[in-house]
Amino acid sequence: MRVKITVSYDGTTYCGWQVQPNGITVQECVENAVFNATGEKVRVTGSGRTDAGVHALSQVAHFDTNCTIPPQKIYRALNVYLPPDIRVISSELVSDDFHACNNAKKKTYRYSFYISDVEQPLKERYAVMIEKTPDLTLMKENSKKFVGEHDFKAFCSSGSGAKTTVRTIYSVDVVLKEKDLSVTVTGNGFLYNMVRIMVGTLVDVGCGKTPPSTIDKMLLFGERSLGGKTLPARGLCLMNVEY
């Protein structure tokens with residue numbers, strides 16, 4: 001049977017989702033939990049990669065198993081063997097043709113900032129400090145430039161193995177609540193570091209560090225050098241995957 005699981009994790013100490021030889025990953029931990037709970041060595045397929053240090057509120061994955069544990073209770077069995085910063089929050093039986101990656105239609109990421117002139121220890125793990133409040137009106141106006149189908153080549157770090165750099169963005173929401181700023185992006189898929197570069201450029205525009213025309217030029221010419229630095233991983237969280 002094929003089981004769909006939803007996984008939430010603090011990515012701080014992990015080398016991303018995907019198994020690799022150079023460090024511990026979330027996928028490796030989940031696969032080890034499946035083995036300990038069922039005695040089966042399986043491949044757990046996620047909806048996509050999250051990079052080292054990136055968090056997830058709702059990562060979706062699937063795996064095949066012959067175990068006798070009821071599908072809706074598998075999440076409890078896995079959590080017995082998972083570290084406290086990784087939790088499977090639900091599990092369910094799905095059809096054999098369900099694929100967590102290939103069937104995903106939309107993904108939503110949120111990047112978080114806090115506004116302060118000194119680092120806040122209780123926020124630093126999940127957000128990035130900026131010293132002054134950006135121009136929210138300017139950020140919201142320019143966020144609309146990302147919406148639609150575009151070539152996001154300029155918003156991709158080197159090392160991406162994507163066959164095409166064209167992606168569709170459905171929405172970009174900029175929200176300020178007291179001293180906490182978030183930018184939430186929903187799209188049909190994302191390139192390597194795409195959200196971190198998009199949001200970084202947008203915040204630079206809002207802070208007056210770069211002109212709004214920079215976004216237009218990046219979309220038009222596809223030159224990564226036109227944009228700012230890639231934001232730190234810790235501010236990024238995978239919020240939702242839709243099918």
# chains A, B, ... in the order shown; residues from 1 in each chain; ligands from 1
$ residues_around --residues "Phe113 of chain A" --least-positions-apart "3" --cutoff "9 Å" --atoms "only C-alpha atoms" --output "list in words"
Lys123, Tyr126, Ala127, Val128, Met129, Ile130, Lys179, Asp180, Leu181, Ser182, Val183 and Gly235 of chain A
$ residues_around --residues "Leu136 of chain A" --least-positions-apart "6" --cutoff "12 Å" --atoms "only C-alpha atoms" --output "PyMOL selection string"
chain A and resi 142-143+173-177+181-183+202-208
$ closest_residue --among "A:Val199, A:Val88, A:Ile169, A:Leu122" --to "Lys140 of chain A" --atoms "only C-alpha atoms"
A:Val199
$ select_by_dssp --residues "segment 32-189 of chain A" --states "helix (DSSP H, G or I)" --output "JSON, numbers by chain"
{"A": [32, 33, 34, 35, 36, 37, 38, 71, 72, 73, 74, 75, 76, 77, 78, 79, 136, 137, 138, 139, 140, 141, 142, 143, 144, 145, 146, 153, 154, 155]}
$ closest_residue --among "A:Met194, A:Ile115, A:Ala61, A:Val34" --to "Ser158 of chain A" --atoms "only C-alpha atoms"
A:Met194
$ select_by_dssp --residues "segment 13-204 of chain A" --states "strand (DSSP E or B)" --output "ChimeraX atom specification"
/A:20,23,45-46,55-64,86-94,106-115,128-130,148-151,166-177,180-187
$ closest_residue --among "A:Ser91, A:Gln120, A:Thr184, A:Ser171" --to "Lys144 of chain A" --atoms "only C-alpha atoms"
A:Ser171
$ closest_residue --among "A:Arg87, A:Lys105, A:Arg125, A:Lys217" --to "Asp151 of chain A" --atoms "only C-alpha atoms"
A:Lys217
$ closest_residue --among "A:Asn102, A:Gln27, A:Ser157, A:Thr165" --to "Thr50 of chain A" --atoms "only C-alpha atoms"
A:Gln27
$ closest_residue --among "A:Met139, A:Asp85, A:Phe155, A:Lys163" --to "Pro211 of chain A" --atoms "only C-alpha atoms"
A:Met139
$ residues_around --residues "Thr68 of chain A" --least-positions-apart "3" --cutoff "9 Å" --atoms "only C-alpha atoms" --output "JSON, numbers by chain"
{"A": [38, 65, 71]}
$ residues_around --residues "Val3 of chain A" --least-positions-apart "5" --cutoff "6 Å" --atoms "only C-alpha atoms" --output "list in words"
His62, Phe63, Glu92, Leu93 and Val94 of chain A
$ residues_around --residues "Asp10 of chain A" --least-positions-apart "4" --cutoff "12 Å" --atoms "only C-alpha atoms" --output "PyMOL selection string"
chain A and resi 14-17+25-26+50-59+83-87+125-126+233-238
$ residues_around --residues "Gly200 of chain A" --least-positions-apart "5" --cutoff "7 Å" --atoms "only C-alpha atoms" --output "list of chain:residue names"
A:Gly228, A:Lys229, A:Thr230, A:Leu231
$ write_last_selection --atoms "N, CA and C atoms" --output "compact mmCIF listing (two decimals), in the first residue's frame"
# COMPACT_ATOMS: atom_id res chain seq x y z
N GLY A 228 20.32 41.11 -5.38
CA GLY A 228 21.10 41.16 -4.16
C GLY A 228 21.52 39.78 -3.70
N LYS A 229 21.97 39.70 -2.44
CA LYS A 229 22.42 38.45 -1.87
C LYS A 229 21.25 37.49 -1.64
N THR A 230 21.56 36.22 -1.63
CA THR A 230 20.56 35.21 -1.27
C THR A 230 20.34 35.26 0.23
N LEU A 231 19.11 35.40 0.65
CA LEU A 231 18.81 35.49 2.08
C LEU A 231 19.16 34.19 2.81
